[in-house]
$ cat model_12.txt   # compact mmCIF, C-alpha atoms (C1' of nucleotides)
# COMPACT_ATOMS: atom_id res chain seq x y z
CA MET E 21 6.92 -38.19 15.88
CA SER E 22 4.22 -40.92 15.76
CA ASP E 23 2.03 -42.85 13.36
CA HIS E 24 -0.51 -40.01 13.72
CA THR E 25 -3.12 -42.39 15.00
CA GLU E 26 -2.26 -43.83 18.38
CA PRO E 27 -0.88 -41.17 20.74
CA SER E 28 2.25 -41.90 22.77
CA ALA E 29 1.98 -42.62 26.48
CA SER E 30 3.79 -39.38 27.28
CA ALA E 31 1.37 -37.42 25.10
CA ILE E 32 -1.61 -38.93 26.90
CA ALA E 33 -0.04 -38.12 30.25
CA ALA E 34 0.73 -34.54 29.27
CA TRP E 35 -2.76 -34.11 27.81
CA SER E 36 -4.59 -35.39 30.88
CA ARG E 37 -2.49 -33.29 33.18
CA LEU E 38 -3.13 -30.23 31.07
CA MET E 39 -6.90 -30.74 31.06
CA ARG E 40 -7.04 -31.49 34.75
CA VAL E 41 -4.75 -28.79 36.07
CA SER E 42 -6.10 -26.04 33.87
CA ARG E 43 -9.63 -26.79 35.00
CA GLN E 44 -8.60 -27.03 38.62
CA LEU E 45 -6.81 -23.68 38.55
CA HIS E 46 -9.60 -22.03 36.63
CA GLU E 47 -12.10 -23.18 39.22
CA ALA E 48 -9.87 -21.99 42.04
CA VAL E 49 -9.93 -18.47 40.65
CA GLU E 50 -13.65 -18.59 39.90
CA GLY E 51 -14.16 -19.65 43.48
CA ASP E 52 -12.18 -16.68 44.77
CA LEU E 53 -14.18 -14.30 42.60
CA LYS E 54 -17.48 -15.80 43.63
CA ALA E 55 -16.49 -15.66 47.27
CA ALA E 56 -15.83 -11.96 46.83
CA GLY E 57 -19.23 -11.45 45.21
CA LEU E 58 -17.64 -10.67 41.85
CA PRO E 59 -18.66 -11.82 38.36
CA PRO E 60 -16.95 -14.65 36.47
CA LEU E 61 -13.49 -14.56 34.95
CA GLU E 62 -14.66 -13.96 31.41
CA TRP E 63 -16.10 -10.61 32.45
CA TYR E 64 -12.59 -9.64 33.47
CA ASP E 65 -11.28 -10.69 30.08
CA VAL E 66 -13.81 -8.51 28.30
CA LEU E 67 -13.06 -5.55 30.54
CA HIS E 68 -9.35 -6.09 30.08
CA GLU E 69 -9.61 -6.24 26.30
CA LEU E 70 -11.70 -3.10 26.21
CA ALA E 71 -9.59 -1.20 28.71
CA THR E 72 -6.40 -1.86 26.76
CA ALA E 73 -7.94 -1.25 23.35
CA GLU E 74 -7.73 2.00 21.45
CA GLU E 75 -10.21 4.46 22.99
CA GLY E 76 -11.48 1.76 25.33
CA ARG E 77 -13.70 0.21 22.71
CA LEU E 78 -13.92 -2.69 20.30
CA ARG E 79 -16.37 -4.18 17.87
CA PRO E 80 -18.02 -7.37 19.12
CA TYR E 81 -16.38 -9.47 16.41
CA GLN E 82 -12.99 -8.34 17.66
CA LEU E 83 -13.84 -9.69 21.07
CA VAL E 84 -14.88 -12.96 19.47
CA ASP E 85 -11.46 -13.20 17.85
CA ARG E 86 -9.47 -12.30 20.94
CA MET E 87 -11.37 -14.34 23.45
CA LEU E 88 -11.96 -17.57 21.54
CA LEU E 89 -15.62 -17.35 22.42
CA ALA E 90 -18.58 -18.18 20.22
CA GLN E 91 -20.23 -15.22 18.57
CA TYR E 92 -23.62 -15.78 20.16
CA ASN E 93 -21.93 -16.14 23.48
CA VAL E 94 -20.23 -12.78 23.17
CA SER E 95 -23.47 -11.21 22.07
CA ARG E 96 -25.26 -12.29 25.20
CA LEU E 97 -22.32 -11.70 27.50
CA LEU E 98 -22.17 -8.11 26.33
CA GLN E 99 -25.90 -7.75 26.86
CA ARG E 100 -25.53 -8.85 30.48
CA MET E 101 -22.59 -6.54 31.03
CA GLN E 102 -24.47 -3.67 29.51
CA ASP E 103 -27.41 -4.41 31.80
CA LYS E 104 -24.99 -3.99 34.71
CA GLY E 105 -23.67 -0.73 33.27
CA LEU E 106 -20.13 -2.02 32.69
CA VAL E 107 -20.11 -1.43 28.95
CA ASP E 108 -21.97 0.76 26.49
CA ARG E 109 -22.95 0.12 22.90
CA LEU E 110 -22.31 2.97 20.52
CA PRO E 111 -23.21 3.14 16.83
CA ASP E 112 -20.42 2.68 14.30
CA ASP E 113 -20.95 5.37 11.68
CA ALA E 114 -18.78 3.54 9.20
CA ASP E 115 -20.57 0.20 9.41
CA GLY E 116 -24.28 0.03 10.00
CA ARG E 117 -24.26 -3.69 10.69
CA GLY E 118 -22.52 -3.35 14.00
CA HIS E 119 -21.55 -1.07 16.83
CA TRP E 120 -18.78 -0.27 19.21
CA VAL E 121 -18.66 -1.73 22.68
CA ALA E 122 -17.03 0.71 25.08
CA ILE E 123 -15.99 0.23 28.67
CA THR E 124 -17.69 2.61 31.13
CA GLN E 125 -16.26 4.20 34.25
CA SER E 126 -18.17 1.63 36.22
CA GLY E 127 -16.59 -1.02 34.04
CA ARG E 128 -13.11 0.27 34.81
CA ALA E 129 -13.89 0.19 38.49
CA MET E 130 -15.13 -3.37 38.19
CA ARG E 131 -11.93 -4.34 36.40
CA ARG E 132 -9.89 -2.98 39.29
CA ALA E 133 -12.09 -4.72 41.84
CA MET E 134 -11.73 -8.01 40.02
CA TRP E 135 -7.98 -7.65 39.65
CA ALA E 136 -7.73 -7.17 43.40
CA VAL E 137 -8.87 -10.79 43.65
CA TYR E 138 -7.55 -12.20 40.39
CA GLY E 139 -4.03 -10.87 40.76
CA PRO E 140 -3.42 -12.36 44.19
CA ALA E 141 -4.91 -15.63 43.00
CA ILE E 142 -2.37 -15.83 40.18
CA ALA E 143 0.38 -14.89 42.62
CA ARG E 144 -0.68 -17.67 44.94
CA LEU E 145 -1.31 -20.34 42.29
CA VAL E 146 1.60 -19.61 40.00
CA ASP E 147 4.27 -17.56 41.78
CA GLY E 148 3.62 -19.53 44.93
CA ARG E 149 4.29 -22.84 43.25
CA MET E 150 6.94 -22.18 40.63
CA ASP E 151 9.92 -19.92 40.09
CA GLU E 152 10.34 -17.66 37.12
CA ALA E 153 12.40 -20.17 35.14
CA GLY E 154 9.62 -22.74 35.39
CA GLN E 155 7.03 -20.15 34.44
CA ARG E 156 8.96 -19.18 31.35
CA GLN E 157 9.43 -22.80 30.43
CA ILE E 158 5.78 -23.66 30.75
CA HIS E 159 4.89 -20.57 28.76
CA ALA E 160 7.20 -21.64 25.95
CA LEU E 161 5.97 -25.22 25.93
CA LEU E 162 2.32 -24.23 25.95
CA THR E 163 2.97 -21.81 23.13
CA ARG E 164 4.27 -24.71 21.10
CA LEU E 165 1.20 -26.76 21.92
CA GLY E 166 -1.05 -23.92 20.87
CA GLN E 167 0.62 -23.48 17.52
CA ARG E 168 -1.48 -24.92 14.76
CA GLY E 169 0.68 -27.02 12.52
CA MET N 29 8.79 -15.91 45.46
CA SER N 30 6.63 -12.76 45.53
CA ASP N 31 4.79 -10.46 47.88
CA HIS N 32 1.78 -12.77 47.52
CA THR N 33 -0.32 -9.95 46.20
CA GLU N 34 0.85 -8.72 42.83
CA PRO N 35 1.74 -11.57 40.47
CA SER N 36 4.95 -11.44 38.47
CA ALA N 37 4.85 -10.68 34.76
CA SER N 38 6.04 -14.20 33.99
CA ALA N 39 3.29 -15.69 36.14
CA ILE N 40 0.66 -13.67 34.31
CA ALA N 41 2.07 -14.75 30.98
CA ALA N 42 2.17 -18.42 31.97
CA TRP N 43 -1.34 -18.20 33.40
CA SER N 44 -2.89 -16.63 30.32
CA ARG N 45 -1.17 -19.06 28.03
CA LEU N 46 -2.37 -21.95 30.14
CA MET N 47 -5.97 -20.77 30.11
CA ARG N 48 -5.97 -20.02 26.43
CA VAL N 49 -4.19 -23.09 25.14
CA SER N 50 -6.03 -25.55 27.31
CA ARG N 51 -9.35 -24.20 26.16
CA GLN N 52 -8.26 -24.13 22.55
CA LEU N 53 -7.11 -27.75 22.63
CA HIS N 54 -10.17 -28.88 24.51
CA GLU N 55 -12.40 -27.30 21.91
CA ALA N 56 -10.41 -28.85 19.11
CA VAL N 57 -11.10 -32.31 20.49
CA GLU N 58 -14.74 -31.54 21.21
CA GLY N 59 -15.02 -30.39 17.63
CA ASP N 60 -13.60 -33.66 16.35
CA LEU N 61 -16.01 -35.65 18.49
CA LYS N 62 -18.98 -33.59 17.44
CA ALA N 63 -18.00 -33.88 13.80
CA ALA N 64 -18.01 -37.65 14.24
CA GLY N 65 -21.45 -37.54 15.84
CA LEU N 66 -20.08 -38.61 19.21
CA PRO N 67 -20.88 -37.31 22.70
CA PRO N 68 -18.72 -34.83 24.62
CA LEU N 69 -15.36 -35.53 26.17
CA GLU N 70 -16.64 -35.93 29.71
CA TRP N 71 -18.64 -38.96 28.62
CA TYR N 72 -15.36 -40.54 27.64
CA ASP N 73 -13.89 -39.76 31.04
CA VAL N 74 -16.78 -41.45 32.80
CA LEU N 75 -16.57 -44.49 30.54
CA HIS N 76 -12.81 -44.62 31.03
CA GLU N 77 -13.06 -44.44 34.81
CA LEU N 78 -15.69 -47.15 34.86
CA ALA N 79 -13.93 -49.40 32.38
CA THR N 80 -10.69 -49.33 34.33
CA ALA N 81 -12.34 -49.67 37.75
CA GLU N 82 -12.71 -52.92 39.62
CA GLU N 83 -15.59 -54.89 38.06
CA GLY N 84 -16.34 -51.98 35.72
CA ARG N 85 -18.28 -50.09 38.34
CA LEU N 86 -17.98 -47.20 40.76
CA ARG N 87 -20.15 -45.31 43.18
CA PRO N 88 -21.18 -41.85 41.93
CA TYR N 89 -19.24 -40.11 44.68
CA GLN N 90 -16.08 -41.82 43.45
CA LEU N 91 -16.66 -40.31 40.02
CA VAL N 92 -17.12 -36.94 41.65
CA ASP N 93 -13.72 -37.31 43.31
CA ARG N 94 -11.88 -38.52 40.23
CA MET N 95 -13.39 -36.17 37.70
CA LEU N 96 -13.40 -32.90 39.63
CA LEU N 97 -17.05 -32.46 38.74
CA ALA N 98 -19.82 -31.13 40.95
CA GLN N 99 -21.99 -33.78 42.55
CA TYR N 100 -25.21 -32.59 40.94
CA ASN N 101 -23.46 -32.53 37.63
CA VAL N 102 -22.39 -36.14 37.91
CA SER N 103 -25.86 -37.12 38.98
CA ARG N 104 -27.39 -35.73 35.85
CA LEU N 105 -24.60 -36.80 33.55
CA LEU N 106 -25.10 -40.39 34.70
CA GLN N 107 -28.82 -40.08 34.15
CA ARG N 108 -28.22 -39.03 30.56
CA MET N 109 -25.74 -41.83 29.99
CA GLN N 110 -28.13 -44.34 31.47
CA ASP N 111 -30.87 -43.08 29.18
CA LYS N 112 -28.55 -43.90 26.28
CA GLY N 113 -27.83 -47.34 27.70
CA LEU N 114 -24.13 -46.70 28.31
CA VAL N 115 -24.24 -47.30 32.06
CA ASP N 116 -26.47 -49.14 34.50
CA ARG N 117 -27.36 -48.33 38.08
CA LEU N 118 -27.26 -51.29 40.45
CA PRO N 119 -28.20 -51.33 44.13
CA ASP N 120 -25.38 -51.37 46.68
CA ASP N 121 -26.39 -53.94 49.26
CA ALA N 122 -23.94 -52.55 51.78
CA ASP N 123 -25.09 -48.92 51.57
CA GLY N 124 -28.71 -48.10 50.95
CA ARG N 125 -28.01 -44.45 50.32
CA GLY N 126 -26.35 -45.04 47.00
CA HIS N 127 -25.80 -47.45 44.17
CA TRP N 128 -23.19 -48.71 41.79
CA VAL N 129 -22.79 -47.30 38.34
CA ALA N 130 -21.60 -49.98 35.94
CA ILE N 131 -20.48 -49.67 32.35
CA THR N 132 -22.55 -51.70 29.88
CA GLN N 133 -21.41 -53.51 26.74
CA SER N 134 -22.81 -50.64 24.80
CA GLY N 135 -20.79 -48.30 27.00
CA ARG N 136 -17.59 -50.19 26.25
CA ALA N 137 -18.34 -49.97 22.56
CA MET N 138 -18.92 -46.25 22.85
CA ARG N 139 -15.63 -45.85 24.67
CA ARG N 140 -13.82 -47.56 21.79
CA ALA N 141 -15.66 -45.46 19.24
CA MET N 142 -14.74 -42.28 21.09
CA TRP N 143 -11.11 -43.31 21.47
CA ALA N 144 -10.93 -43.82 17.73
CA VAL N 145 -11.40 -40.05 17.48
CA TYR N 146 -9.89 -38.90 20.76
CA GLY N 147 -6.65 -40.86 20.41
CA PRO N 148 -5.75 -39.50 16.98
CA ALA N 149 -6.65 -36.01 18.16
CA ILE N 150 -4.14 -36.27 21.01
CA ALA N 151 -1.59 -37.69 18.59
CA ARG N 152 -2.12 -34.76 16.27
CA LEU N 153 -2.28 -32.03 18.91
CA VAL N 154 0.44 -33.27 21.23
CA ASP N 155 2.71 -35.76 19.48
CA GLY N 156 2.46 -33.72 16.31
CA ARG N 157 3.69 -30.58 18.02
CA MET N 158 6.17 -31.70 20.65
CA ASP N 159 8.68 -34.45 21.21
CA GLU N 160 8.65 -36.75 24.17
CA ALA N 161 11.11 -34.66 26.17
CA GLY N 162 8.86 -31.65 25.90
CA GLN N 163 5.83 -33.71 26.84
CA ARG N 164 7.53 -35.01 29.95
CA GLN N 165 8.64 -31.54 30.86
CA ILE N 166 5.21 -30.03 30.52
CA HIS N 167 3.76 -32.89 32.50
CA ALA N 168 6.20 -32.26 35.31
CA LEU N 169 5.65 -28.52 35.32
CA LEU N 170 1.87 -28.84 35.29
CA THR N 171 2.05 -31.33 38.11
CA ARG N 172 3.84 -28.71 40.14
CA LEU N 173 1.20 -26.14 39.31
CA GLY N 174 -1.53 -28.54 40.35
CA GLN N 175 0.01 -29.24 43.71
CA ARG N 176 -1.82 -27.44 46.46
CA GLY N 177 0.74 -25.83 48.66
C1' DG R 29 -28.34 0.56 -10.16
C1' DC R 30 -29.20 -4.40 -9.25
C1' DC R 31 -28.30 -8.86 -7.98
C1' DT R 32 -25.68 -12.17 -5.32
C1' DT R 33 -22.86 -13.23 -1.69
C1' DC R 34 -20.58 -12.27 2.53
C1' DT R 35 -20.15 -10.36 7.21
C1' DC R 36 -22.04 -8.67 11.65
C1' DG R 37 -24.87 -9.41 15.26
C1' DA R 38 -29.17 -11.12 17.62
C1' DT R 39 -32.51 -14.65 19.04
C1' DG R 40 -35.97 -18.90 19.73
C1' DC R 41 -35.54 -23.12 21.56
C1' DA R 42 -33.67 -27.05 23.74
C1' DA R 43 -29.97 -28.73 26.56
C1' DC R 44 -26.97 -28.01 30.32
C1' DT R 45 -25.19 -25.83 34.71
C1' DG R 46 -25.16 -23.73 39.38
C1' DC R 47 -27.35 -23.06 43.55
C1' DA R 48 -30.01 -24.24 47.15
C1' DT R 49 -32.39 -27.66 49.16
C1' DA R 50 -34.80 -32.13 49.69
C1' DT R 51 -34.82 -37.13 50.73
C1' DA R 52 -32.95 -41.06 52.62
C1' DT R 53 -29.72 -43.84 54.87
C1' DG R 54 -25.56 -44.43 57.89
C1' DG R 55 -23.24 -43.93 62.20
C1' DA R 56 -22.03 -42.20 66.80
C1' DG R 57 -23.34 -41.50 71.26
C1' DA R 58 -26.69 -40.79 75.29
C1' DT J 29 -33.49 -47.33 71.19
C1' DC J 30 -33.72 -42.57 70.21
C1' DT J 31 -31.44 -38.39 68.77
C1' DC J 32 -28.44 -35.84 66.18
C1' DC J 33 -25.28 -35.10 62.71
C1' DA J 34 -22.86 -36.65 58.51
C1' DT J 35 -22.84 -38.74 53.95
C1' DA J 36 -24.88 -40.05 49.32
C1' DT J 37 -27.74 -38.70 45.74
C1' DA J 38 -31.52 -36.21 43.43
C1' DT J 39 -34.15 -32.16 41.91
C1' DG J 40 -36.82 -27.43 41.26
C1' DC J 41 -35.67 -23.28 39.47
C1' DA J 42 -33.19 -19.69 37.39
C1' DG J 43 -29.35 -18.55 34.58
C1' DT J 44 -26.22 -19.90 30.70
C1' DT J 45 -24.84 -22.34 26.55
C1' DG J 46 -25.14 -24.52 21.87
C1' DC J 47 -27.37 -24.84 17.62
C1' DA J 48 -29.64 -23.23 13.96
C1' DT J 49 -31.32 -19.45 11.80
C1' DC J 50 -32.72 -14.80 10.90
C1' DG J 51 -32.47 -9.90 9.51
C1' DA J 52 -29.71 -6.07 8.12
C1' DG J 53 -26.12 -3.84 6.00
C1' DA J 54 -21.63 -4.21 3.14
C1' DA J 55 -19.10 -5.47 -1.05
C1' DG J 56 -18.17 -7.12 -5.50
C1' DG J 57 -19.55 -8.14 -10.31
C1' DC J 58 -22.20 -6.84 -14.08
$ encode --input "model_12.txt" --output "structure tokens"
Amino acid sequence: MSDHTEPSASAIAAWSRLMRVSRQLHEAVEGDLKAAGLPPLEWYDVLHELATAEEGRLRPYQLVDRMLLAQYNVSRLLQRMQDKGLVDRLPDDADGRGHWVAITQSGRAMRRAMWAVYGPAIARLVDGRMDEAGQRQIHALLTRLGQRG
Amino acid sequence: MSDHTEPSASAIAAWSRLMRVSRQLHEAVEGDLKAAGLPPLEWYDVLHELATAEEGRLRPYQLVDRMLLAQYNVSRLLQRMQDKGLVDRLPDDADGRGHWVAITQSGRAMRRAMWAVYGPAIARLVDGRMDEAGQRQIHALLTRLGQRG
DNA sequence: GCCTTCTCGATGCAACTGCATATATGGAGA
DNA sequence: TCTCCATATATGCAGTTGCATCGAGAAGGC
């Protein structure tokens, strides 16, 4: 589709829009959470992954894979969340190198509290601006962009 | 389009895909730049804004507006870039509170060097994965999402 | 068993960010 | 002019990130 060196004008336009809009929307949600005295979005992602995982627990490396976060970043994020009592670390009897990270009751409550802000934000920013057909279209197009190949 | 509280399933799907793919692509480009020993993407944005501005210069607050960055962040980013000789600060005779930030020759060279990596990355990640029709479509849809309203 | 290599996770240090606030000038109005 | 508020930019401090590396256990070959 190109000489693989100089991007097309339409690719540059799509790229810039993607970078700008995604950051803008991300910050809008972060702002809502902060205004409600809640922790950042990535805490929600962790809690969500854990809550929907088998037995409410995952190994840290699984979180690294699912969240596209650096390993050291996950390590410290979990430490902070544990300090707040939202997750627990439990030994993994089958693998002495690591441990399980399990969501606590307090963590489940925090997930609900965050969703009470996050959900309406998505409703406002996405449902409020685009009908379902557009949403499906953008989902499909972004999926193509995310495909490595 | 909704009760403005609970987002639709398609909105959640579009949202997650947007957050995930934009971050993934951003990191891919940052990785390319880092591998080439070049500074981060936002340095390119500053250099681009300055290079295309009247007389190659802008006031810091104009960069804040165009780049959706926090004021204190721009202040320090410019300091770092000045330390590397990529921009200069010049007094603004008409407004003693601030100053002009001007791109240097070295800054223009850095912009070219970064584009030599950035451009091909966009070509690979966008042109390589989607034809022009798709690119235009995603641009249009994202523009709608970015519209406050 | 023993060695080598790989995987999992944590951490010291430097760089960067966010928040609150400081400094200085501009501008409007009494 | 003097006062008061707004705008432009910088900065101290605490919290977070990135990078490199470390230590410990797992896994495979011999």
$ residues_near_point --input "model_12.txt" --point "(-28.3, -22.2, 11.4)" --cutoff "12 Å" --atoms "all atoms listed in the file" --output "PyMOL selection string"
(chain E and resi 92) or (chain R and resi 39-40) or (chain J and resi 46-50)
$ interface_residues --input "model_12.txt" --of "chain E" --to "chain N" --cutoff "9 Å" --atoms "only C-alpha atoms" --output "PyMOL selection string"
chain E and resi 21-28+30-46+87-88+136-137+139-169
$ write_last_selection --input "model_12.txt" --atoms "C-alpha atoms" --output "mmCIF file, in the coordinates of the input"
data_model
loop_
_atom_site.group_PDB
_atom_site.id
_atom_site.type_symbol
_atom_site.label_atom_id
_atom_site.label_comp_id
_atom_site.auth_asym_id
_atom_site.auth_seq_id
_atom_site.Cartn_x
_atom_site.Cartn_y
_atom_site.Cartn_z
ATOM 1 C CA MET E 21 6.920 -38.190 15.880
ATOM 2 C CA SER E 22 4.220 -40.920 15.760
ATOM 3 C CA ASP E 23 2.030 -42.850 13.360
ATOM 4 C CA HIS E 24 -0.510 -40.010 13.720
ATOM 5 C CA THR E 25 -3.120 -42.390 15.000
ATOM 6 C CA GLU E 26 -2.260 -43.830 18.380
ATOM 7 C CA PRO E 27 -0.880 -41.170 20.740
ATOM 8 C CA SER E 28 2.250 -41.900 22.770
ATOM 9 C CA SER E 30 3.790 -39.380 27.280
ATOM 10 C CA ALA E 31 1.370 -37.420 25.100
ATOM 11 C CA ILE E 32 -1.610 -38.930 26.900
ATOM 12 C CA ALA E 33 -0.040 -38.120 30.250
ATOM 13 C CA ALA E 34 0.730 -34.540 29.270
ATOM 14 C CA TRP E 35 -2.760 -34.110 27.810
ATOM 15 C CA SER E 36 -4.590 -35.390 30.880
ATOM 16 C CA ARG E 37 -2.490 -33.290 33.180
ATOM 17 C CA LEU E 38 -3.130 -30.230 31.070
ATOM 18 C CA MET E 39 -6.900 -30.740 31.060
ATOM 19 C CA ARG E 40 -7.040 -31.490 34.750
ATOM 20 C CA VAL E 41 -4.750 -28.790 36.070
ATOM 21 C CA SER E 42 -6.100 -26.040 33.870
ATOM 22 C CA ARG E 43 -9.630 -26.790 35.000
ATOM 23 C CA GLN E 44 -8.600 -27.030 38.620
ATOM 24 C CA LEU E 45 -6.810 -23.680 38.550
ATOM 25 C CA HIS E 46 -9.600 -22.030 36.630
ATOM 26 C CA MET E 87 -11.370 -14.340 23.450
ATOM 27 C CA LEU E 88 -11.960 -17.570 21.540
ATOM 28 C CA ALA E 136 -7.730 -7.170 43.400
ATOM 29 C CA VAL E 137 -8.870 -10.790 43.650
ATOM 30 C CA GLY E 139 -4.030 -10.870 40.760
ATOM 31 C CA PRO E 140 -3.420 -12.360 44.190
ATOM 32 C CA ALA E 141 -4.910 -15.630 43.000
ATOM 33 C CA ILE E 142 -2.370 -15.830 40.180
ATOM 34 C CA ALA E 143 0.380 -14.890 42.620
ATOM 35 C CA ARG E 144 -0.680 -17.670 44.940
ATOM 36 C CA LEU E 145 -1.310 -20.340 42.290
ATOM 37 C CA VAL E 146 1.600 -19.610 40.000
ATOM 38 C CA ASP E 147 4.270 -17.560 41.780
ATOM 39 C CA GLY E 148 3.620 -19.530 44.930
ATOM 40 C CA ARG E 149 4.290 -22.840 43.250
ATOM 41 C CA MET E 150 6.940 -22.180 40.630
ATOM 42 C CA ASP E 151 9.920 -19.920 40.090
ATOM 43 C CA GLU E 152 10.340 -17.660 37.120
ATOM 44 C CA ALA E 153 12.400 -20.170 35.140
ATOM 45 C CA GLY E 154 9.620 -22.740 35.390
ATOM 46 C CA GLN E 155 7.030 -20.150 34.440
ATOM 47 C CA ARG E 156 8.960 -19.180 31.350
ATOM 48 C CA GLN E 157 9.430 -22.800 30.430
ATOM 49 C CA ILE E 158 5.780 -23.660 30.750
ATOM 50 C CA HIS E 159 4.890 -20.570 28.760
ATOM 51 C CA ALA E 160 7.200 -21.640 25.950
ATOM 52 C CA LEU E 161 5.970 -25.220 25.930
ATOM 53 C CA LEU E 162 2.320 -24.230 25.950
ATOM 54 C CA THR E 163 2.970 -21.810 23.130
ATOM 55 C CA ARG E 164 4.270 -24.710 21.100
ATOM 56 C CA LEU E 165 1.200 -26.760 21.920
ATOM 57 C CA GLY E 166 -1.050 -23.920 20.870
ATOM 58 C CA GLN E 167 0.620 -23.480 17.520
ATOM 59 C CA ARG E 168 -1.480 -24.920 14.760
ATOM 60 C CA GLY E 169 0.680 -27.020 12.520
#
$ interface_residues --input "model_12.txt" --of "chain J" --to "chain N" --cutoff "8 Å" --atoms "all atoms listed in the file" --output "list in words"
DA36, DT37 and DA38 of chain J
$ residues_near_point --input "model_12.txt" --point "(-11.4, -3.6, 37.0)" --cutoff "12 Å" --atoms "all atoms listed in the file" --output "MDAnalysis selection string"
chainID E and resid 58:59 61 63:72 106 123:139
$ write_last_selection --input "model_12.txt" --atoms "C-alpha atoms" --output "PDB file, in the frame of the given file"
ATOM      1  CA  LEU E  58     -17.640 -10.670  41.850  1.00  0.00           C
ATOM      2  CA  PRO E  59     -18.660 -11.820  38.360  1.00  0.00           C
ATOM      3  CA  LEU E  61     -13.490 -14.560  34.950  1.00  0.00           C
ATOM      4  CA  TRP E  63     -16.100 -10.610  32.450  1.00  0.00           C
ATOM      5  CA  TYR E  64     -12.590  -9.640  33.470  1.00  0.00           C
ATOM      6  CA  ASP E  65     -11.280 -10.690  30.080  1.00  0.00           C
ATOM      7  CA  VAL E  66     -13.810  -8.510  28.300  1.00  0.00           C
ATOM      8  CA  LEU E  67     -13.060  -5.550  30.540  1.00  0.00           C
ATOM      9  CA  HIS E  68      -9.350  -6.090  30.080  1.00  0.00           C
ATOM     10  CA  GLU E  69      -9.610  -6.240  26.300  1.00  0.00           C
ATOM     11  CA  LEU E  70     -11.700  -3.100  26.210  1.00  0.00           C
ATOM     12  CA  ALA E  71      -9.590  -1.200  28.710  1.00  0.00           C
ATOM     13  CA  THR E  72      -6.400  -1.860  26.760  1.00  0.00           C
ATOM     14  CA  LEU E 106     -20.130  -2.020  32.690  1.00  0.00           C
ATOM     15  CA  ILE E 123     -15.990   0.230  28.670  1.00  0.00           C
ATOM     16  CA  THR E 124     -17.690   2.610  31.130  1.00  0.00           C
ATOM     17  CA  GLN E 125     -16.260   4.200  34.250  1.00  0.00           C
ATOM     18  CA  SER E 126     -18.170   1.630  36.220  1.00  0.00           C
ATOM     19  CA  GLY E 127     -16.590  -1.020  34.040  1.00  0.00           C
ATOM     20  CA  ARG E 128     -13.110   0.270  34.810  1.00  0.00           C
ATOM     21  CA  ALA E 129     -13.890   0.190  38.490  1.00  0.00           C
ATOM     22  CA  MET E 130     -15.130  -3.370  38.190  1.00  0.00           C
ATOM     23  CA  ARG E 131     -11.930  -4.340  36.400  1.00  0.00           C
ATOM     24  CA  ARG E 132      -9.890  -2.980  39.290  1.00  0.00           C
ATOM     25  CA  ALA E 133     -12.090  -4.720  41.840  1.00  0.00           C
ATOM     26  CA  MET E 134     -11.730  -8.010  40.020  1.00  0.00           C
ATOM     27  CA  TRP E 135      -7.980  -7.650  39.650  1.00  0.00           C
ATOM     28  CA  ALA E 136      -7.730  -7.170  43.400  1.00  0.00           C
ATOM     29  CA  VAL E 137      -8.870 -10.790  43.650  1.00  0.00           C
ATOM     30  CA  TYR E 138      -7.550 -12.200  40.390  1.00  0.00           C
ATOM     31  CA  GLY E 139      -4.030 -10.870  40.760  1.00  0.00           C
TER      32      GLY E 139
END
$ interface_residues --input "model_12.txt" --of "chain R" --to "chain N" --cutoff "8 Å" --atoms "all atoms listed in the file" --output "mmCIF file with C-alpha atoms (C1' of nucleotides), in the frame of the given file"
data_model
loop_
_atom_site.group_PDB
_atom_site.id
_atom_site.type_symbol
_atom_site.label_atom_id
_atom_site.label_comp_id
_atom_site.auth_asym_id
_atom_site.auth_seq_id
_atom_site.Cartn_x
_atom_site.Cartn_y
_atom_site.Cartn_z
ATOM 1 C "C1'" DT R 45 -25.190 -25.830 34.710
ATOM 2 C "C1'" DA R 52 -32.950 -41.060 52.620
ATOM 3 C "C1'" DT R 53 -29.720 -43.840 54.870
ATOM 4 C "C1'" DG R 54 -25.560 -44.430 57.890
#
$ atom_distance --input "model_12.txt" --atom1 "CA of Gly51 (chain E)" --atom2 "C1' of DC47 (chain R)"
13.6 Å
$ residues_around --input "model_12.txt" --residues "DG57 (chain R)" --least-positions-apart "3" --cutoff "12 Å" --atoms "only C-alpha atoms (C1' of nucleotides)" --output "list in words"
DT29, DC30, DT31, DC32 and DC33 of chain J
